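input-v4.csv (CSV, C-alpha atoms) appears below.
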```
chain,number,residue,atom,x,y,z
A,13,MET,CA,96.7,145.1,125.2
A,14,GLY,CA,96.3,141.9,127.2
A,15,SER,CA,96.6,138.3,125.9
A,16,ILE,CA,92.9,138.0,125.5
A,17,ASP,CA,92.7,141.3,123.6
A,18,LYS,CA,95.6,140.2,121.3
A,19,TYR,CA,94.0,136.8,120.7
A,20,ILE,CA,90.6,138.4,119.7
A,21,PHE,CA,92.4,141.1,117.7
A,22,ARG,CA,94.5,138.7,115.7
A,23,THR,CA,91.5,136.4,115.1
A,24,THR,CA,89.3,139.2,113.9
A,25,LEU,CA,91.8,140.8,111.6
A,26,GLY,CA,92.8,137.4,110.2
A,27,SER,CA,89.2,136.5,109.4
A,28,PHE,CA,88.7,140.0,108.0
A,29,ALA,CA,91.7,139.6,105.6
A,30,VAL,CA,90.4,136.2,104.4
A,31,VAL,CA,86.9,137.5,103.8
A,32,LEU,CA,88.1,140.7,102.2
A,33,VAL,CA,90.4,139.0,99.8
A,34,SER,CA,87.7,136.4,98.9
A,35,LEU,CA,84.9,138.8,98.3
A,36,THR,CA,87.1,141.3,96.5
A,37,GLY,CA,88.5,138.5,94.3
A,38,VAL,CA,85.0,137.3,93.3
A,39,ILE,CA,83.7,140.7,92.5
A,40,TRP,CA,86.9,141.7,90.7
A,41,ILE,CA,86.6,138.8,88.4
A,42,THR,CA,83.1,139.8,87.4
A,43,GLN,CA,84.3,143.3,86.7
A,44,ALA,CA,87.4,142.2,84.9
A,45,LEU,CA,85.5,140.1,82.5
A,46,ARG,CA,83.9,143.3,81.1
A,47,GLY,CA,87.3,144.5,80.0
A,48,ILE,CA,88.2,141.3,78.2
A,49,ASP,CA,88.0,143.2,74.9
A,50,LEU,CA,91.4,144.8,75.8
A,51,MET,CA,93.0,141.4,74.9
A,52,THR,CA,90.7,140.6,72.0
A,53,SER,CA,89.5,143.5,69.8
A,54,GLN,CA,92.2,146.0,71.0
A,55,GLY,CA,95.1,143.6,71.0
A,56,GLN,CA,96.5,144.3,74.5
A,57,THR,CA,98.7,141.9,76.4
A,58,ILE,CA,97.6,139.9,79.5
A,59,LEU,CA,99.8,142.2,81.7
A,60,THR,CA,98.0,145.3,80.4
A,61,PHE,CA,94.7,143.6,81.0
A,62,LEU,CA,95.5,142.7,84.6
A,63,GLY,CA,97.1,146.0,85.2
A,64,ILE,CA,94.1,148.1,84.1
A,65,THR,CA,91.5,145.9,85.7
A,66,SER,CA,93.4,145.6,89.0
A,67,LEU,CA,93.2,149.4,89.4
A,68,VAL,CA,89.6,149.1,90.3
A,69,ILE,CA,90.3,147.0,93.4
A,70,PRO,CA,90.7,149.9,95.8
A,71,ALA,CA,87.2,151.2,94.9
A,72,LEU,CA,85.8,147.7,95.5
A,73,VAL,CA,87.6,147.4,98.8
A,74,LEU,CA,86.0,150.7,99.9
A,75,ILE,CA,82.6,149.1,99.7
A,76,ILE,CA,83.5,145.6,100.8
A,77,ALA,CA,85.7,146.3,103.8
A,78,PRO,CA,82.9,147.2,106.3
A,79,ILE,CA,80.9,144.2,105.2
A,80,ALA,CA,84.0,142.0,105.5
A,81,LEU,CA,84.6,143.4,109.0
A,82,MET,CA,81.0,142.6,110.0
A,83,ILE,CA,81.5,139.0,108.8
A,84,ALA,CA,84.8,138.7,110.6
A,85,ILE,CA,83.3,139.9,113.9
A,86,SER,CA,80.4,137.5,113.5
A,87,HIS,CA,82.8,134.6,112.9
A,88,THR,CA,85.0,135.5,115.9
A,89,LEU,CA,82.0,135.9,118.3
A,90,ASN,CA,80.5,132.6,117.0
A,91,LYS,CA,83.8,130.9,117.5
A,92,LEU,CA,84.1,132.2,121.1
A,93,ALA,CA,80.5,131.2,121.8
A,94,THR,CA,80.9,127.7,120.3
A,95,ASP,CA,83.9,127.1,122.5
A,96,SER,CA,82.1,128.6,125.5
A,97,GLU,CA,84.8,131.2,125.9
A,98,ILE,CA,82.4,134.1,126.1
A,99,ILE,CA,80.6,132.5,129.1
A,100,VAL,CA,84.0,131.8,130.8
A,101,MET,CA,85.1,135.4,130.2
A,102,ASN,CA,81.8,136.7,131.6
A,103,ALA,CA,82.0,134.5,134.6
A,104,ALA,CA,85.6,135.8,135.3
A,105,GLY,CA,84.2,139.3,135.5
A,106,LEU,CA,84.8,140.5,131.9
A,107,SER,CA,81.8,142.6,130.9
A,108,PRO,CA,80.5,142.7,127.3
A,109,PHE,CA,81.7,146.3,127.0
A,110,ARG,CA,85.2,145.2,128.0
A,111,LEU,CA,85.0,142.3,125.6
A,112,PHE,CA,84.2,144.8,122.9
A,113,ARG,CA,87.5,146.6,123.2
A,114,PRO,CA,89.7,144.3,121.0
A,115,PHE,CA,87.0,144.5,118.3
A,116,VAL,CA,87.3,148.3,118.5
A,117,TYR,CA,91.0,148.0,118.0
A,118,ALA,CA,90.5,145.9,114.9
A,119,THR,CA,87.8,148.3,113.7
A,120,CYS,CA,90.2,151.3,114.0
A,121,VAL,CA,92.7,149.4,111.8
A,122,VAL,CA,90.0,148.8,109.2
A,123,ALA,CA,88.7,152.4,109.4
A,124,ALA,CA,92.2,153.8,108.9
A,125,MET,CA,92.7,151.6,105.8
A,126,VAL,CA,89.3,152.7,104.5
A,127,ALA,CA,90.1,156.4,105.1
A,128,PHE,CA,93.4,156.1,103.2
A,129,ILE,CA,91.7,154.3,100.3
A,130,ALA,CA,88.8,156.8,100.2
A,131,ALA,CA,91.1,159.9,100.3
A,132,TYR,CA,93.8,158.8,97.9
A,133,LEU,CA,94.1,155.2,96.7
A,134,ALA,CA,90.6,154.7,95.1
A,135,PRO,CA,90.6,158.0,93.2
A,136,ASP,CA,94.2,157.5,92.2
A,137,GLY,CA,93.3,154.1,90.7
A,138,MET,CA,90.3,155.5,88.9
A,139,ARG,CA,92.3,158.3,87.3
A,140,ARG,CA,95.1,155.9,86.3
A,141,ILE,CA,92.4,153.7,84.6
A,142,LYS,CA,91.2,156.8,82.7
A,143,GLN,CA,94.7,157.9,81.8
A,144,TRP,CA,95.7,154.3,80.7
A,145,ASP,CA,92.6,154.1,78.6
A,146,ALA,CA,93.4,157.4,76.9
A,147,ASP,CA,96.9,156.2,76.2
A,148,ILE,CA,95.7,153.0,74.6
A,149,THR,CA,93.2,155.0,72.5
A,150,ALA,CA,95.9,157.5,71.5
A,151,ASP,CA,98.2,154.7,70.5
A,152,VAL,CA,95.6,152.9,68.3
A,153,LEU,CA,97.6,153.1,65.1
A,154,THR,CA,100.6,151.2,66.6
A,155,ASN,CA,99.1,148.9,69.2
A,156,ILE,CA,95.5,148.1,68.3
A,157,LEU,CA,96.0,147.5,64.6
A,158,GLN,CA,97.5,144.0,64.8
A,159,PRO,CA,98.3,142.1,61.7
A,160,GLY,CA,95.6,139.6,60.7
A,161,ARG,CA,93.1,140.8,63.2
A,162,PHE,CA,89.9,142.7,62.9
A,163,ALA,CA,90.1,145.7,65.3
A,164,GLN,CA,86.8,147.4,66.2
A,165,LEU,CA,88.0,151.0,66.9
A,166,GLU,CA,84.5,152.1,67.8
A,167,GLN,CA,81.0,150.9,67.2
A,168,ASN,CA,80.4,150.2,63.4
A,169,LEU,CA,84.1,150.9,62.5
A,170,THR,CA,86.3,147.9,61.8
A,171,VAL,CA,89.9,148.0,60.5
A,172,ARG,CA,92.2,145.1,59.5
A,173,ILE,CA,95.8,145.0,58.2
A,174,ARG,CA,97.5,142.0,56.6
A,175,GLU,CA,101.0,142.7,57.9
A,176,ARG,CA,103.4,145.4,59.0
A,177,LYS,CA,106.4,146.1,56.9
A,178,PRO,CA,109.6,148.0,57.6
A,179,GLY,CA,109.3,151.8,57.6
A,180,GLY,CA,105.8,151.8,59.0
A,181,LEU,CA,104.2,150.5,55.9
A,182,LEU,CA,100.9,148.7,56.4
A,183,ALA,CA,100.1,146.1,53.8
A,184,GLY,CA,96.7,144.8,52.9
A,185,VAL,CA,94.4,147.4,54.6
A,186,PHE,CA,90.7,146.8,54.9
A,187,ILE,CA,88.2,149.4,56.4
A,188,ASP,CA,84.5,148.8,57.1
A,189,ASP,CA,82.8,152.1,58.1
A,190,ARG,CA,79.1,152.0,59.0
A,191,ARG,CA,79.0,154.9,61.4
A,192,ASP,CA,76.8,156.9,59.1
A,193,PRO,CA,73.3,155.3,59.1
A,194,LYS,CA,72.7,156.6,55.5
A,195,GLU,CA,75.7,154.8,54.0
A,196,ARG,CA,78.3,152.1,54.4
A,197,ILE,CA,81.8,152.5,53.1
A,198,SER,CA,84.2,149.6,52.5
A,199,ILE,CA,87.8,150.3,51.6
A,200,VAL,CA,90.4,147.9,50.4
A,201,ALA,CA,94.0,149.2,49.7
A,202,ASP,CA,97.2,147.5,48.8
A,203,HIS,CA,99.2,149.4,51.4
A,204,GLY,CA,99.0,152.5,53.6
A,205,THR,CA,101.1,154.7,55.9
A,206,VAL,CA,100.4,156.8,58.9
A,207,LEU,CA,100.7,160.6,58.5
A,208,LYS,CA,100.5,163.0,61.5
A,209,ASN,CA,100.5,166.8,61.0
A,210,ASN,CA,98.9,169.9,62.5
A,211,SER,CA,95.6,168.9,61.0
A,212,GLY,CA,95.5,165.5,62.8
A,213,SER,CA,96.4,161.9,62.1
A,214,PHE,CA,95.5,160.2,58.8
A,215,LEU,CA,95.8,156.8,57.3
A,216,ILE,CA,97.1,157.4,53.8
A,217,LEU,CA,96.0,154.5,51.6
A,218,ASP,CA,97.5,153.7,48.2
A,219,ASP,CA,96.2,151.7,45.2
A,220,GLY,CA,92.8,150.6,46.4
A,221,ASN,CA,89.1,150.6,45.9
A,222,LEU,CA,86.3,152.4,47.8
A,223,GLU,CA,82.8,150.9,47.7
A,224,ARG,CA,79.9,153.1,49.0
A,225,PHE,CA,76.5,151.6,49.7
A,226,GLU,CA,73.9,154.4,50.1
A,227,THR,CA,70.5,153.8,51.6
A,228,GLY,CA,67.7,153.7,49.0
A,229,LYS,CA,70.0,152.9,46.1
A,230,ARG,CA,70.2,149.5,44.5
A,231,ASP,CA,73.8,149.4,43.3
A,232,PRO,CA,76.9,150.5,45.2
A,233,ALA,CA,79.3,153.2,43.9
A,234,LEU,CA,82.7,151.8,43.2
A,235,VAL,CA,85.7,154.1,43.1
A,236,ALA,CA,89.3,153.1,42.3
A,237,PHE,CA,91.9,155.4,43.8
A,238,GLY,CA,95.6,155.9,43.7
A,239,ARG,CA,95.8,157.7,47.1
A,240,TYR,CA,93.1,158.2,49.7
A,241,ALA,CA,93.4,159.8,53.2
A,242,PHE,CA,91.2,158.3,56.0
A,243,ASP,CA,90.9,160.6,59.0
A,244,MET,CA,92.1,158.9,62.2
A,245,SER,CA,92.5,162.0,64.4
A,246,LYS,CA,89.8,160.9,66.8
A,247,PHE,CA,91.9,157.9,67.7
A,248,SER,CA,95.2,159.8,68.2
A,249,GLN,CA,94.0,162.5,70.6
A,250,SER,CA,96.0,164.1,73.3
A,251,HIS,CA,96.8,162.2,76.4
A,252,ASP,CA,95.3,164.9,78.6
A,253,VAL,CA,92.0,163.7,80.1
A,254,ALA,CA,89.3,165.5,82.0
A,255,LEU,CA,89.0,164.0,85.5
A,256,GLY,CA,85.5,163.1,86.7
A,257,ILE,CA,84.3,163.4,90.3
A,258,ARG,CA,85.3,159.9,91.3
A,259,GLU,CA,88.8,160.5,90.1
A,260,ARG,CA,89.3,163.5,92.5
A,261,TYR,CA,91.4,163.2,95.6
A,262,LEU,CA,89.7,164.1,98.9
A,263,TRP,CA,91.4,167.5,99.1
A,264,GLU,CA,90.4,168.3,95.5
A,265,LEU,CA,86.8,167.7,96.5
A,266,MET,CA,87.1,169.8,99.7
A,267,TYR,CA,88.7,172.7,97.9
A,268,PRO,CA,87.6,172.6,94.2
A,269,GLU,CA,88.7,175.3,91.8
A,270,LYS,CA,86.0,177.9,91.4
A,271,ASN,CA,86.4,177.9,87.6
A,272,ASP,CA,86.3,174.1,87.4
A,273,PRO,CA,83.6,173.4,84.7
A,274,ILE,CA,82.6,170.1,86.2
A,275,TYR,CA,82.2,171.7,89.7
A,276,ILE,CA,80.2,174.6,88.1
A,277,GLN,CA,77.9,172.1,86.3
A,278,LEU,CA,77.6,169.5,89.0
A,279,PRO,CA,78.1,171.0,92.5
A,280,GLY,CA,75.6,168.5,94.0
A,281,GLN,CA,77.6,165.5,92.9
A,282,PHE,CA,80.7,167.1,94.4
A,283,ARG,CA,78.9,167.4,97.7
A,284,ALA,CA,77.6,163.9,97.6
A,285,GLU,CA,81.0,162.4,96.8
A,286,LEU,CA,82.7,164.5,99.5
A,287,HIS,CA,80.4,163.3,102.2
A,288,ASP,CA,80.6,159.7,101.0
A,289,ARG,CA,84.4,159.9,101.5
A,290,PHE,CA,84.0,161.3,104.9
A,291,MET,CA,81.5,158.7,106.0
A,292,SER,CA,83.4,155.7,104.6
A,293,PRO,CA,85.6,155.2,107.7
A,294,ILE,CA,82.5,155.7,110.0
A,295,TYR,CA,80.7,152.7,108.5
A,296,PRO,CA,83.1,150.1,110.0
A,297,PHE,CA,82.4,151.4,113.5
A,298,ALA,CA,78.6,151.3,112.9
A,299,PHE,CA,78.8,147.8,111.6
A,300,ALA,CA,81.0,146.6,114.4
A,301,ALA,CA,78.7,148.1,117.1
A,302,LEU,CA,75.6,146.6,115.6
A,303,THR,CA,77.1,143.2,115.1
A,304,PHE,CA,78.5,143.0,118.6
A,305,ALA,CA,75.2,144.3,120.1
A,306,PHE,CA,73.4,141.3,118.6
A,307,LEU,CA,76.0,138.6,119.1
A,308,GLY,CA,78.4,139.8,121.9
A,309,THR,CA,76.3,139.0,125.0
A,310,PRO,CA,76.9,135.6,126.6
A,311,ARG,CA,74.4,132.9,126.0
A,312,THR,CA,74.1,129.3,127.0
A,313,THR,CA,74.5,126.5,124.5
A,314,ARG,CA,70.7,125.9,124.5
A,315,GLN,CA,70.0,129.4,123.3
A,316,SER,CA,70.0,129.7,119.5
A,317,ARG,CA,72.1,132.4,117.9
A,318,ASN,CA,70.4,132.2,114.5
A,319,PHE,CA,67.9,134.9,115.2
A,320,SER,CA,70.7,137.3,116.4
A,321,ILE,CA,72.8,136.5,113.3
A,322,GLY,CA,69.9,137.2,111.0
A,323,SER,CA,68.9,140.3,112.8
A,324,SER,CA,72.5,141.7,112.7
A,325,ILE,CA,72.6,141.1,108.9
A,326,LEU,CA,69.3,142.8,108.4
A,327,ALA,CA,70.4,145.8,110.5
A,328,VAL,CA,73.7,146.2,108.7
A,329,PHE,CA,72.0,145.7,105.3
A,330,GLY,CA,69.3,148.2,106.1
A,331,LEU,CA,71.8,150.8,107.3
A,332,ARG,CA,73.9,150.5,104.2
A,333,MET,CA,70.9,150.7,101.8
A,334,ALA,CA,69.7,153.8,103.6
A,335,GLY,CA,73.2,155.2,103.2
A,336,PHE,CA,73.1,154.6,99.5
A,337,ALA,CA,69.7,156.3,99.3
A,338,CYS,CA,71.0,159.3,101.2
A,339,SER,CA,74.0,159.5,98.9
A,340,VAL,CA,71.7,159.7,95.9
A,341,MET,CA,69.5,162.3,97.5
A,342,ALA,CA,72.5,164.3,98.5
A,343,VAL,CA,73.0,165.4,94.9
A,344,LYS,CA,69.9,167.5,95.2
A,345,SER,CA,69.4,168.0,98.9
A,346,PRO,CA,72.1,169.4,101.3
A,347,LEU,CA,70.2,167.9,104.2
A,348,ALA,CA,70.6,164.3,103.0
A,349,PRO,CA,74.2,164.0,104.2
A,350,LEU,CA,73.2,165.4,107.7
A,351,VAL,CA,70.5,162.6,107.8
A,352,GLN,CA,73.2,160.1,106.9
A,353,TYR,CA,75.5,161.3,109.7
A,354,LEU,CA,72.8,161.2,112.2
A,355,MET,CA,71.8,157.7,111.1
A,356,LEU,CA,75.3,156.4,111.5
A,357,LEU,CA,75.7,158.0,114.9
A,358,ALA,CA,72.3,156.6,116.0
A,359,ALA,CA,73.4,153.1,114.9
A,360,ILE,CA,76.7,153.4,116.9
A,361,GLY,CA,74.9,154.9,119.9
A,362,ALA,CA,72.2,152.2,119.9
A,363,GLY,CA,74.8,149.5,119.6
A,364,LEU,CA,76.9,150.9,122.5
A,365,TRP,CA,73.8,151.2,124.7
A,366,ILE,CA,72.9,147.6,124.1
A,367,ILE,CA,76.5,146.5,124.8
A,368,VAL,CA,76.8,148.6,128.0
A,369,ALA,CA,73.4,147.5,129.3
A,370,GLY,CA,74.2,143.8,128.6
A,371,ILE,CA,70.9,143.4,126.8
A,372,VAL,CA,70.4,139.9,125.2
A,373,ILE,CA,68.4,140.3,122.0
A,374,GLU,CA,66.1,137.4,121.8
A,375,PRO,CA,63.2,136.7,119.3
A,376,PRO,CA,59.7,137.5,120.6
A,377,ALA,CA,58.0,134.6,122.3
A,378,ALA,CA,55.0,134.8,119.9
A,379,LEU,CA,57.4,134.5,116.9
A,380,MET,CA,59.1,131.5,118.4
A,381,GLU,CA,55.7,129.9,119.2
A,382,ALA,CA,54.5,130.5,115.6
A,383,ILE,CA,57.7,128.9,114.2
A,384,SER,CA,57.3,125.9,116.5
A,385,ASN,CA,53.6,125.4,115.5
A,386,PHE,CA,54.6,125.7,111.8
A,387,ASN,CA,57.3,123.1,112.2
A,388,ALA,CA,54.8,120.8,114.0
A,389,ARG,CA,52.4,121.1,111.1
A,390,LEU,CA,55.1,120.3,108.6
A,391,LEU,CA,56.0,117.2,110.5
A,392,ARG,CA,52.4,116.0,110.7
A,393,LEU,CA,52.0,116.8,107.0
A,394,PHE,CA,54.8,114.5,106.1
A,395,GLY,CA,53.6,111.8,108.4
A,396,GLN,CA,56.2,112.2,111.2
A,397,PRO,CA,54.9,112.7,114.8
A,398,ALA,CA,56.0,115.9,116.4
A,399,THR,CA,58.2,115.3,119.5
A,400,ALA,CA,57.8,117.5,122.6
```

When written as structure tokens, how does the structure in this file appear?
Amino acid sequence: MGSIDKYIFRTTLGSFAVVLVSLTGVIWITQALRGIDLMTSQGQTILTFLGITSLVIPALVLIIAPIALMIAISHTLNKLATDSEIIVMNAAGLSPFRLFRPFVYATCVVAAMVAFIAAYLAPDGMRRIKQWDADITADVLTNILQPGRFAQLEQNLTVRIRERKPGGLLAGVFIDDRRDPKERISIVADHGTVLKNNSGSFLILDDGNLERFETGKRDPALVAFGRYAFDMSKFSQSHDVALGIRERYLWELMYPEKNDPIYIQLPGQFRAELHDRFMSPIYPFAFAALTFAFLGTPRTTRQSRNFSIGSSILAVFGLRMAGFACSVMAVKSPLAPLVQYLMLLAAIGAGLWIIVAGIVIEPPAALMEAISNFNARLLRLFGQPATA
């Protein structure tokens, strides 16, 4: 790799890293805010919150990395054009296809990273999220029930304890159960303890009152009890979790177990997810080829690059949206992945053909004339004479 190749390679990867971190950080914050209840209603620490929400980052990078590469290549080419370096390289005999080589090196690095994330890192993060969530749910009686706080264990079920005492004694227990639409149960007990046996997990309440409000009845039913068992088995379930399709590693999608109930029920989704994983490292090459095809040819400083930048964005955006559509259709149609592969190969082939042929993509003359006439009308409208 020559000095020019190293310079372009470093510049592209540096820009890629900055764009990737910035975009991922912004999107991660929006995703993380959805899990803020881990620190509020479920009583988790900031470290637990950051740990769980950060596990989704590999899945975000999987989508953002090709787009970040496209932005990095655009930035590098624009920098080279602004400094007239592309024109100098071309005058020295460096063809556009030769100039494309360091960008291919950078694309290979990005594609290798995306392939590793798609095969292992992203599904590993997703399964860790599911396992961690199951552990938090299973540990509800010791972690989520924090003294002095109202914990919403699920929709329409709220539990509060006043304090924890030695020996696992829970003092001042309040339960508001509205899960049954026909009645509402409110329980207040002096103290309670947790009992786990073969039948499940129970909150044994002592010396309290149970108030039941039934629909259609005017007055509630009030019962004083010496001991009452409230079933908490649902919130102390086993740590074993059923893995979804997105939580499967690549080799588990390629060779699923024949008796896997999810595979038997949703074979189309297995197929769609498998081909998405295969195509993830191909998208960086397609994006790089299209971006360079629009912006990589030498231009004079008088030639505007705005049309080429906008066209490259539209081409990349259209290719990605078509890919998402094919992924959705792949659930029902085995031909949809084939269409997506052909579409990616066609984009790469078209980009390489434009690069090798040295074609400069310029806006149609009729379009530029229409834009000039429109600008002239605006200038006359606001009382400013149009200049030739």

Point to revise | Neighbour residues at most 12 Å from (72.0, 153.2, 99.6) (all atoms listed in the file) as a count of residues only | key: 20

Exercise for review: Measuring atom to atom with all atoms listed in the file, identify which of A:Arg176, A:Ala233, A:Glu226, A:Arg258 is nearest to Val206 of chain A.
Suggested key: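 Checking each candidate against Val206 of chain A, we get A:Arg176 as the closest.
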
Review point. Which of these, A:Gly280, A:Pro114, A:Pro273, A:Pro310, has the shortest distance to Gly14 of chain A once you count only C-alpha atoms?
Key: A:Pro114

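Atom CA of Ala382 of chain A is found 26.7 Å from atom CA of Ala93 of chain A.
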
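Closest approach to Ala300 of chain A among A:Ser34, A:Thr119, A:Gln43, A:Ser211: A:Thr119, based on all atoms listed in the file.
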
Review point. With all atoms listed in the file as the basis for distance, which of A:Ile216, A:Ala104, A:Leu111, A:Leu390 is at the shortest distance from Met244 of chain A?
Key: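 With all atoms listed in the file as the atom set, the closest residue is A:Ile216.
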
Review point. Using all atoms listed in the file, can you list as a PyMOL selection string the residues within 9 Å of (74.4, 155.6, 109.3)?
Key: chain A and resi 291+294-295+298+331-332+334-335+351-360

Practice item. Report the distance between atom CA of Val38 of chain A and atom CA of Leu262 of chain A in Å, rounded to one decimal place. Key: 27.8 Å

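For the set A:Trp263, A:Lys229, A:Phe214, A:Phe304, the residue with the smallest atom-to-atom gap to Glu195 of chain A is A:Lys229, counting all atoms listed in the file.
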
Check your understanding: Between A:Ala388, A:Val343, A:Ala305, A:Leu81, which has the minimum distance to Leu364 of chain A (counting only C-alpha atoms)?
Key ->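 Among the listed residues, the smallest separation from Leu364 of chain A belongs to A:Ala305.
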
Review point. What's the 8 Å shell around Arg239 of chain A, counting all atoms listed in the file, without same-chain residues fewer than 6 positions away, as a PyMOL selection string?
Key: chain A and resi 216-220

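Within 9 Å of Ile371 of chain A, once only C-alpha atoms are used and residues closer than 4 positions along the same chain are dropped, the contacting residues are Ala305, Phe306, Thr309, Trp365, Ile366 and Ile367 of chain A.
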